[in-house]
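Participant: One structure is given below, represented as structure tokens, and several questions about it will come after.
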Amino acid sequence: MIVAPVFCAGNLCAARFVLCNISNRMETSAMKKLLTLLLAATLIFCTACEWEAQTDETKTDTDTDVSTDVADTGKDEPDPYVAYSDYQGILARIKEAQSSPYSSVVTNGVDDSAVDMVEESEPSAAETNTGADYSTTNVQVEGIDEGDIVKTDGAYIYILRGDEVILLAAAGADTHELSRITVSGNTENTDDLTSSYATALYIYDDTLVILRSLHEYDVDTGNGWGKDYAQVVLVDISDPAHPQQKQVLGQDGYYNTSRLMGNMLYVVSSYAVYSYEEDDIATYIPAVYTGDSVQRLPADDICLCPTPSSRYVVISAIDLEQGEIRSSCSALGAGDIVYMNADSLYIAGSNYITEDGEPYTEDVYTVQEHKSYTSTQILRYDIAADGSLAYAAGTQVNGYLDSQFSLDAYNGYLRMVVTRDNEQYATYTDERYGWVNYKWEEDSYVTDNALYILDEQLEMVGSVENLAQDEQIYSARFAGDLVYFCTYRQVDPLFAVDLRNPAQPLVLSALKISGFSEYLHPFGEHLLFGLGLEVDEDSGTTEGLKLVMFDISDPTDIFAAHSYVIDESFSSVAMYNHKAILVDAEKNLIGFPTDAGYAIYGYTEEQGFALRGSVS
């Protein structure tokens, strides 16, 4: 959430419809989690879908133990993620995926949400303007900007609404509109019915970057799926009153997320192959676009994840100085959770794994036992000195990520916190009548949580496992040699783990309080702010939006210094979209949208939280 300048009357009016726009774009956490569960159930019965075929590569221990499993690539063995040298091998993998009655790879939702605390790299263009006092987008890694629906450089405010960008002069009470941009620019084959919407903005020097998603309906062939494109529109704003569109770039797949480091913009999209023609690579190999020019990705720039799939992740590195695509790469079977620092870009996604036991006879039934769990597939791409990308390593670990907050790269190690699930059930089939009955035991579904530390080759070097049985991770925050994360079932344990020795991470404390935190943010040197919900410990009933300030001066003895429940508001998009929140300890500001509007709180260690202002 951008407030620039803070508390200027003119900007409060702009903030009013900005917050409405944010709210309209966001899902609630409960809905996301429900959809995930419904999707998992649906996937079991889907045949001929585009997602990935199930393999039996990852194993778990018996009964209720949820064990760790990392794909061991081995130093002397070929990397299973390296692509075939021709398109036919890629097509064979797509065919294998589409012929399977199972699917295994699903994603944890559109990324665009995460936070880190300590990493530094080249600042964005807006951050170099030290003469002005304004806020920037709340990002995951310092110096790595993220797209937002509102941007400011201190002098101007840029607001995205639908397919229109509104440019305002930031002048306090005299804030006024200068111009509007209606985004245009099509991609290949847009004679068919096309829907589009803009998703995010960036500012780089005198260039406004607008990211769009386009969906093209294939009405001629009767293919109801059509095709998706992610588009980057570059606009010259050297004269904000008269902006001029100057370049349109794009890539196959719907827009997922992006990052900006220096002059390099990294765009990530998800491209699904629903149908294909064997003699036409354009129907199953992703492409990138510069104006009307089309370039298919070479086969050796597409890595193949071990689990067969018909869904690609497509990544492009775009030089905003030159207005051109510097490099592009893709992975068949990857996910859509993105973490990036100055050295690497990571892509992660979840696989639903099912293992089928040997069938046996019991009375008139054929009985078969099944085990299912979730693993996370991770790919690492190196960022070269010129900004280009290259595949570096890939692996799988047991468990699933809550969000990109669950990932952090530090001193050459990837640290991650996951929730591990394990479900066991049996099917009883009556062959005479074709009936199938399902049987679950009382403890057939269990969860726990784990922390993993991987090296640059994504090989496991250390872990902490079996944390918080029957709970799941709701939020995480990495801070140098420490990580804090909250799990929840009936109460909210806040774990603090010492990461100084990657081979032997150590749990320092686990504080339990009522409710749970969906978002964590540092507040000064020894405080950690949490935003979530208060929950009745006995009934599990939600009682209101909860603010909590943890004192982390001693990681071995964390405690909740103050908490505050907003009774009239039961949700905030800031819990699920970190860009909707403003936290500034120096100015003593904590601002976020609620059901009633936009609230601005302050905090003191003597009195706790206090409302400083609000916008209806």
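Letters A, B, ... go to the chains of the structure tokens in the order shown; residues in each chain start at 1; ligands are counted from 1 in the same order.
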Write out as number ranges by chain each polymer residue whose atoms come within 10 Å of region 496-500 of chain A, counting only C-alpha atoms; drop sequence neighbours fewer than 2 positions from it.

Facilitator: A: 415, 451, 453, 462-464, 477-486, 493-494, 502-511, 552, 555-558

Participant: Name the residues of region 270-518 of chain A that fall into strand (DSSP E or B) according to DSSP on the backbone, using the chain letters and numbers of this document, as a ChimeraX atom specification.

Facilitator: /A:270-272,277,280,287-290,293-296,302-304,311-319,324-332,337-340,344-356,360-362,365-383,389-398,400,407-410,413-430,435-454,460-467,472-479,482-488,491-498,506-514,516-518

Participant: Could you jot down the CA of Arg612 (chain A) to CA of Leu589 (chain A) separation for me, Å, one decimal place?

Facilitator: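 Between CA of Arg612 (chain A) and CA of Leu589 (chain A) the gap is 8.4 Å.
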
Participant: Name the residues in contact with Val288 (chain A) at a cut-off of 12 Å, using only C-alpha atoms, excluding same-chain residues fewer than 4 positions from it; report them as number ranges by chain.

Facilitator: A: 187-188, 229-232, 248-253, 267-269, 271, 282, 292-298, 314-318, 324-330

Participant: Any chance you could list, as a PyMOL selection string, the residues in region 210-454 of chain A that come up helix (DSSP H, G or I) when DSSP is run on the backbone?

Facilitator: chain A and resi 281-283+299-301+404-406

Participant: Can those selected residues be exported to a file as a CSV table (one decimal), in the first residue's frame so that it contains N, CA and C atoms?

Facilitator:
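To be explicit, this is the file written out as part14.csv:
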chain,number,residue,atom,x,y,z
A,281,ILE,N,5.0,-27.0,-33.7
A,281,ILE,CA,5.5,-26.7,-32.4
A,281,ILE,C,4.9,-25.5,-31.8
A,282,ALA,N,4.2,-24.7,-32.6
A,282,ALA,CA,3.6,-23.5,-32.0
A,282,ALA,C,2.4,-23.9,-31.1
A,283,THR,N,1.9,-25.1,-31.2
A,283,THR,CA,0.8,-25.5,-30.4
A,283,THR,C,1.2,-26.1,-29.0
A,299,ALA,N,14.7,-25.9,-27.5
A,299,ALA,CA,14.5,-27.0,-26.6
A,299,ALA,C,15.5,-27.1,-25.5
A,300,ASP,N,16.7,-26.7,-25.7
A,300,ASP,CA,17.7,-26.8,-24.6
A,300,ASP,C,17.5,-25.6,-23.6
A,301,ASP,N,16.6,-24.7,-23.8
A,301,ASP,CA,16.3,-23.7,-22.8
A,301,ASP,C,15.1,-24.1,-22.0
A,404,GLN,N,5.5,-17.5,-0.6
A,404,GLN,CA,6.9,-17.2,-0.8
A,404,GLN,C,7.6,-16.7,0.4
A,405,PHE,N,6.9,-16.3,1.4
A,405,PHE,CA,7.5,-15.9,2.7
A,405,PHE,C,8.2,-17.1,3.3
A,406,SER,N,7.8,-18.3,2.9
A,406,SER,CA,8.4,-19.6,3.4
A,406,SER,C,9.7,-19.9,2.8
